[in-house]
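Novice: One structure follows; several queries about it will come next.
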There are 2 protein chains.
Amino acid sequence: MPKRITIKELAALLEVSPTTVSLVLGGKAETHRIASDTRRKIEDAAARLGYRPNHLAQAMRRGKTDTLGVIFPDVSEAYMNMVLRGIEQIALEKNKGLMIATSSLNPTVEARNIQMLLDRRIDGLLIIPYAPFRGEDYRPTAIQEAAGSGLPIVAIDRHIPDITPHAVIAADESASRQAAELLISKGCRHLAYLGFDLVITTLENRRKGFYEAAMNTGVDILTTEILLKELNINSSDLTEHLKGLAAENNMPDGFLVSTAGLALRLQHLMRTNNYRAAGKVPLIARFGEDLPYFPTGMIQIRQPHEELGRRAVKKLLTLIDGVVGKNTTDIEILPMEINDEAQHH
Amino acid sequence: MPKRITIKELAALLEVSPTTVSLVLGGKAETHRIASDTRRKIEDAAARLGYRPNHLAQAMRRGKTDTLGVIFPDVSEAYMNMVLRGIEQIALEKNKGLMIATSSLNPTVEARNIQMLLDRRIDGLLIIPYAPFRGEDYRPTAIQEAAGSGLPIVAIDRHIPDITPHAVIAADESASRQAAELLISKGCRHLAYLGFDLVITTLENRRKGFYEAAMNTGVDILTTEILLKELNINSSDLTEHLKGLAAENNMPDGFLVSTAGLALRLQHLMRTNNYRAAGKVPLIARFGEDLPYFPTGMIQIRQPHEELGRRAVKKLLTLIDGVVGKNTTDIEILPMEINDEAQHH
DNA sequence: GTGAAAGCGCTAACAT
DNA sequence: ATGTTAGCGCTTTCAC
């Protein structure tokens, strides 16, 4: 609806051919040895008339949209914000457009959105893939097909082995191990891992790191695992688990929690129920950070969300430019920082 | 790069004309009375070969991209999340793509991003416009030009009088008035308005509502205004103001704060400095809500962020469809809820 | 140095 | 009931 001037019109106006105009405006005046006054004439007119290339036409002709697709689950703990910010920084820098869609924690929607982006001919896809619960019947067919069709894809924060060979993730395993070790060094001897029972590399790595610490520290560590069956942080699942542990007089003295929100809920429940382990308030370590003005006293594992986004775009662009083969595997792992704010009581 | 089958190829394969294929696949088989076996033949082949229309070509031909642009400032208080979620809900429902870009609190970037979206021929724009500080030299030329060129635009949360005639905003003025009245009814007699010194309708309306309450309640109300000169919540600006008020023994007994983050900072400063008004801890009312597990004891004004997003898309779509004239003015105002969680001390 | 012509994939007005 | 044709705006070979 905004009627803008086209190359053809410009050409007619200046009595040159569309080719010449295209060449000049495409920055190829030098290479094609366009006479400098022809060139100036064209550039002036273009500026004066506010010529802007029709990106659709360019994309069609060039087979390249300079547009990246982004698919996120609808995260309750809005770390998506941060990742997106990182993505946008680089996209802006590199002059790429961004089409975004959220999968709403729903594989069908995810598939539909991938299709939508493919139809719009994005040059590549950044995705935080859908995470199914253990036992859930789910195959990432949409992603697989997209990858199969040759679309460059970079997974963020989690990857799907054999399906997304390119990913940028955080060092979940080692951070988890270190956090658990920190709990142990603070005297904890009964550690609990608390998280959602999802099948994603991120959480699996965190669990792994947790057990590595528990198994290899020389001292005897008792471990407990609490895996929640629904995403709702306020589900009764957690309440029941804790009640059970308390009843058996078996409350862990240290918790490693996979998610910030979950940890807050845990702490709340510990407080309201006055749960103790051998008379002491259990320590909590958790992924995520305290909010300003709301210190929780938990050990914090700082996640490099923004950097995750930045790196992912960069990696995607090299894939698109074919600098690196699409068939290579390449998982980039960013370090995390552990902040010990825990206070003994 | 994903080589997909085209209508032409499909036509050649089935020995029909591209037109017929286009008609069938475009859902116009009925209207054009295509023979049902021709139709089935085409539909089968399309499904079998995984035909997908090239959206670029369609967009070019139809002069319509079915894509909406979204421009947000980079909000520190991530309410953008919520608005975006609302936008996406409706976009998904209505089968629209979303291109998003953030203006990074920078008018130059905002302008550049608008241009980028225009080049990509979005059908319409949703924007939370840049907010200049009072006295800052800024004219929303980019938005104005875009609007002038005929692009449908809906402003969200704030509008620019005479420039964005279509907007969806919250009932800032009345909510602000009610919150201030609530403070007064709780005994406050010296009210302070605390906010950033930005020139945006949202904040102006909040200030207005504040004064309405202060002026029209029958009782004598003293008012103080604290307008911060930088966006940084931790700026010394606020510290100095409070110190001044305390020194003059003139601390307000009720604060109306325009922003959640700012209110937290205020509360923090009151506590650490043990500021009082006539021996009592001042009350705080503020836009925004408490986080789960972190009750602040403030009066909360709940903002309809998600609904803002939903309504904005709907309005934009009616503009695009030309159902309603672009020259009409139409500011939609959504109500806010006030939650009294304040505790006297 | 510049231009003519073809074509990216699709749609729609106009045949037949 | 189906086909012919032209064209959206741009780029790019190839020719002069």
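Simple scheme: letters A, B, ... for chains in structure tokens order, numbers from 1 for residues in each chain, numbers from 1 for ligands in the order shown.
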Distance cut-off 8 Å, counting only C-alpha atoms (C1' of nucleotides) - which residues of chain A neighbour chain D? Return them as a ChimeraX atom specification.
Specialist: /A:6-7,22,54,57-58,61-62
Novice: How would the residues just chosen look if you wrote them out with N, CA and C atoms as a tab-separated table (two decimals), in the first residue's frame?
Specialist:
```tsv
chain	number	residue	atom	x	y	z
A	6	THR	N	9.94	2.31	-8.15
A	6	THR	CA	10.67	1.09	-8.51
A	6	THR	C	11.86	1.43	-9.40
A	7	ILE	N	12.68	0.45	-9.57
A	7	ILE	CA	13.85	0.63	-10.43
A	7	ILE	C	13.44	0.98	-11.85
A	22	SER	N	19.95	-0.69	-11.45
A	22	SER	CA	20.17	-1.80	-10.53
A	22	SER	C	21.63	-1.91	-10.15
A	54	ASN	N	12.65	-3.32	-3.07
A	54	ASN	CA	11.62	-4.23	-2.59
A	54	ASN	C	12.29	-5.53	-2.18
A	57	ALA	N	11.18	-8.85	-3.77
A	57	ALA	CA	11.66	-9.11	-5.12
A	57	ALA	C	13.12	-9.54	-5.09
A	58	GLN	N	13.89	-8.83	-4.29
A	58	GLN	CA	15.30	-9.21	-4.17
A	58	GLN	C	15.44	-10.63	-3.66
A	61	ARG	N	14.56	-13.19	-6.28
A	61	ARG	CA	15.57	-13.31	-7.31
A	61	ARG	C	16.84	-13.99	-6.76
A	62	ARG	N	17.24	-13.57	-5.61
A	62	ARG	CA	18.50	-14.06	-5.06
A	62	ARG	C	18.37	-15.40	-4.35
```
Novice: Using only C-alpha atoms (C1' of nucleotides), which protein or nucleic acid residues come within 9 Å of segment 142-151 of chain A? Drop anything in the same chain fewer than 4 positions from it, and give the result as a PDB file with N, CA and C atoms, in the first residue's frame.
Specialist:
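So the final result, stored in around-v9.pdb, reads:
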```
ATOM      1  N   PRO A 107       3.962 -29.332  20.826  1.00  0.00           N
ATOM      2  CA  PRO A 107       4.697 -29.805  19.655  1.00  0.00           C
ATOM      3  C   PRO A 107       3.949 -29.547  18.349  1.00  0.00           C
ATOM      4  N   GLU A 110       4.558 -26.055  17.503  1.00  0.00           N
ATOM      5  CA  GLU A 110       5.951 -25.941  17.073  1.00  0.00           C
ATOM      6  C   GLU A 110       6.086 -26.333  15.604  1.00  0.00           C
ATOM      7  N   ALA A 111       5.515 -27.460  15.262  1.00  0.00           N
ATOM      8  CA  ALA A 111       5.601 -27.953  13.888  1.00  0.00           C
ATOM      9  C   ALA A 111       4.960 -26.962  12.922  1.00  0.00           C
ATOM     10  N   ARG A 112       3.831 -26.462  13.311  1.00  0.00           N
ATOM     11  CA  ARG A 112       3.124 -25.524  12.454  1.00  0.00           C
ATOM     12  C   ARG A 112       3.950 -24.262  12.227  1.00  0.00           C
ATOM     13  N   ILE A 114       7.201 -23.961  12.431  1.00  0.00           N
ATOM     14  CA  ILE A 114       8.362 -24.254  11.589  1.00  0.00           C
ATOM     15  C   ILE A 114       7.940 -24.218  10.130  1.00  0.00           C
ATOM     16  N   GLN A 115       6.831 -24.823   9.856  1.00  0.00           N
ATOM     17  CA  GLN A 115       6.312 -24.823   8.494  1.00  0.00           C
ATOM     18  C   GLN A 115       6.078 -23.393   8.005  1.00  0.00           C
ATOM     19  N   LEU A 118       9.297 -21.843   7.150  1.00  0.00           N
ATOM     20  CA  LEU A 118       9.841 -22.417   5.927  1.00  0.00           C
ATOM     21  C   LEU A 118       9.131 -21.832   4.712  1.00  0.00           C
ATOM     22  N   ILE A 122      12.800 -18.494   5.261  1.00  0.00           N
ATOM     23  CA  ILE A 122      13.881 -18.021   6.099  1.00  0.00           C
ATOM     24  C   ILE A 122      15.194 -18.679   5.683  1.00  0.00           C
ATOM     25  N   ASP A 123      16.282 -17.984   5.933  1.00  0.00           N
ATOM     26  CA  ASP A 123      17.595 -18.522   5.570  1.00  0.00           C
ATOM     27  C   ASP A 123      18.102 -19.532   6.590  1.00  0.00           C
ATOM     28  N   GLY A 124      17.556 -19.467   7.787  1.00  0.00           N
ATOM     29  CA  GLY A 124      18.027 -20.382   8.819  1.00  0.00           C
ATOM     30  C   GLY A 124      17.132 -20.283  10.040  1.00  0.00           C
ATOM     31  N   LEU A 125      17.280 -21.257  10.919  1.00  0.00           N
ATOM     32  CA  LEU A 125      16.383 -21.329  12.070  1.00  0.00           C
ATOM     33  C   LEU A 125      17.141 -21.427  13.392  1.00  0.00           C
ATOM     34  N   PRO A 129      14.196 -26.148  21.303  1.00  0.00           N
ATOM     35  CA  PRO A 129      13.216 -27.165  20.914  1.00  0.00           C
ATOM     36  C   PRO A 129      12.243 -27.513  22.044  1.00  0.00           C
ATOM     37  N   ILE A 163      19.874 -34.911  15.586  1.00  0.00           N
ATOM     38  CA  ILE A 163      18.900 -34.150  14.788  1.00  0.00           C
ATOM     39  C   ILE A 163      19.300 -32.693  14.643  1.00  0.00           C
ATOM     40  N   THR A 164      19.811 -32.125  15.713  1.00  0.00           N
ATOM     41  CA  THR A 164      20.346 -30.770  15.598  1.00  0.00           C
ATOM     42  C   THR A 164      21.842 -30.812  15.885  1.00  0.00           C
ATOM     43  N   ILE A 320      24.869 -20.664   7.190  1.00  0.00           N
ATOM     44  CA  ILE A 320      24.182 -20.155   6.007  1.00  0.00           C
ATOM     45  C   ILE A 320      25.180 -19.789   4.920  1.00  0.00           C
ATOM     46  N   LYS A 326      27.510 -28.324   6.731  1.00  0.00           N
ATOM     47  CA  LYS A 326      26.323 -28.563   7.534  1.00  0.00           C
ATOM     48  C   LYS A 326      26.334 -29.959   8.147  1.00  0.00           C
TER      49      LYS A 326
ATOM     50  N   MET B   1      17.385 -22.944  -0.467  1.00  0.00           N
ATOM     51  CA  MET B   1      18.200 -24.162  -0.515  1.00  0.00           C
ATOM     52  C   MET B   1      17.376 -25.429  -0.420  1.00  0.00           C
ATOM     53  N   PRO B   2      16.315 -25.424   0.355  1.00  0.00           N
ATOM     54  CA  PRO B   2      15.469 -26.606   0.262  1.00  0.00           C
ATOM     55  C   PRO B   2      14.727 -26.512  -1.061  1.00  0.00           C
ATOM     56  N   LYS B   3      15.129 -27.285  -2.039  1.00  0.00           N
ATOM     57  CA  LYS B   3      14.473 -27.240  -3.343  1.00  0.00           C
ATOM     58  C   LYS B   3      13.096 -27.879  -3.225  1.00  0.00           C
ATOM     59  N   ARG B   4      12.089 -27.047  -3.346  1.00  0.00           N
ATOM     60  CA  ARG B   4      10.728 -27.565  -3.250  1.00  0.00           C
ATOM     61  C   ARG B   4      10.065 -27.504  -4.609  1.00  0.00           C
TER      62      ARG B   4
END
```
Novice: What does the structure give for the distance between atom CA of His166 of chain A and atom CA of Glu93 of chain A, in Å to one decimal?
Specialist: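 Taking atom CA of His166 of chain A and atom CA of Glu93 of chain A, their separation equals 21.8 Å.
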Novice: For Phe255 of chain B, work out the shell of residues within 8 Å, counting only C-alpha atoms (C1' of nucleotides) and skipping chain neighbours fewer than 2 positions away, then give it as a list in words.
Specialist: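 Within the cut-off, the hits are Leu191, Ala192, Tyr193, Leu194, Pro252, Asp253, Val257, Pro282, Leu283, Ile284, Ala285 and Arg286 of chain B.
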Novice: Quick one: residues within 12 Å of Pro335 of chain A, only C-alpha atoms (C1' of nucleotides) counted, chain neighbours fewer than 3 positions away excluded, as a PDB file with C-alpha atoms, in the first residue's frame?
Specialist:
```pdb
ATOM      1  CA  VAL A 168      24.956 -23.471  21.528  1.00  0.00           C
ATOM      2  CA  ILE A 169      24.369 -24.624  25.063  1.00  0.00           C
ATOM      3  CA  ALA A 170      25.527 -23.898  28.583  1.00  0.00           C
ATOM      4  CA  ALA A 171      27.927 -26.036  30.585  1.00  0.00           C
ATOM      5  CA  ASP A 172      25.125 -27.616  32.561  1.00  0.00           C
ATOM      6  CA  GLU A 173      26.928 -30.733  33.577  1.00  0.00           C
ATOM      7  CA  SER A 174      30.000 -29.144  35.050  1.00  0.00           C
ATOM      8  CA  ALA A 175      28.078 -26.285  36.650  1.00  0.00           C
ATOM      9  CA  SER A 176      25.752 -28.778  38.219  1.00  0.00           C
ATOM     10  CA  GLN A 178      30.362 -27.801  40.944  1.00  0.00           C
ATOM     11  CA  ILE A 301      24.227 -20.679  38.917  1.00  0.00           C
ATOM     12  CA  ARG A 302      24.395 -17.846  36.473  1.00  0.00           C
ATOM     13  CA  GLN A 303      23.326 -18.759  32.976  1.00  0.00           C
ATOM     14  CA  PRO A 304      24.784 -16.952  29.978  1.00  0.00           C
ATOM     15  CA  HIS A 305      21.454 -16.405  28.257  1.00  0.00           C
ATOM     16  CA  GLU A 307      25.575 -14.777  25.103  1.00  0.00           C
ATOM     17  CA  LEU A 308      23.785 -17.967  24.129  1.00  0.00           C
ATOM     18  CA  GLU A 332      29.316 -24.928  21.502  1.00  0.00           C
ATOM     19  CA  ILE A 338      28.508 -20.032  40.422  1.00  0.00           C
TER      20      ILE A 338
END
```
Novice: Would you list, as a PyMOL selection string, the residues of segment 84-296 of chain A that end up in strand (DSSP E) under DSSP run on this structure's backbone?
Specialist: chain A and resi 97-102+124-127+153-156+166-170+190-196+222-228+254-257+283-287
Novice: Pull out every residue of chain A sitting within 10 Å of chain C, counting only C-alpha atoms (C1' of nucleotides), and send them as number ranges by chain.
Specialist: A: 16-20, 32-35, 38, 57-63
Novice: Looking at only C-alpha atoms, which of A:Ile184, A:Ile71, A:Leu13, A:Ala155 is the one that sits closest to chain B?
Specialist: A:Ile71
Novice: I'd like to know which of A:Ser185, A:Asn106, A:Gln267, A:Ser36 is closest to chain B, using only C-alpha atoms.
Specialist: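 Nearest to chain B: A:Gln267.
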Novice: Please compute the atom CA of Gly218 of chain A-atom CA of Asn205 of chain A distance, one decimal, in Å.
Specialist: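 One can read the atom CA of Gly218 of chain A to atom CA of Asn205 of chain A distance as 21.7 Å.
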Novice: Can you tell me which residues surround Ser104 of chain B at a distance of at most 8 Å, considering only C-alpha atoms (C1' of nucleotides), apart from same-chain residues fewer than 5 positions away, and format the answer as an MDAnalysis selection string?
Specialist: chainID B and resid 72:74 109:110
Novice: Export, as an mmCIF file, in the first residue's frame, the selected residues with C-alpha atoms.
Specialist:
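The resulting result10.cif:
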```cif
data_model
loop_
_atom_site.group_PDB
_atom_site.id
_atom_site.type_symbol
_atom_site.label_atom_id
_atom_site.label_comp_id
_atom_site.auth_asym_id
_atom_site.auth_seq_id
_atom_site.Cartn_x
_atom_site.Cartn_y
_atom_site.Cartn_z
ATOM 1 C CA PHE B 72 9.559 -2.717 21.131
ATOM 2 C CA PRO B 73 11.957 -0.684 23.142
ATOM 3 C CA ASP B 74 14.288 -2.891 25.097
ATOM 4 C CA VAL B 109 17.791 2.147 15.928
ATOM 5 C CA GLU B 110 14.040 2.486 16.036
#
```
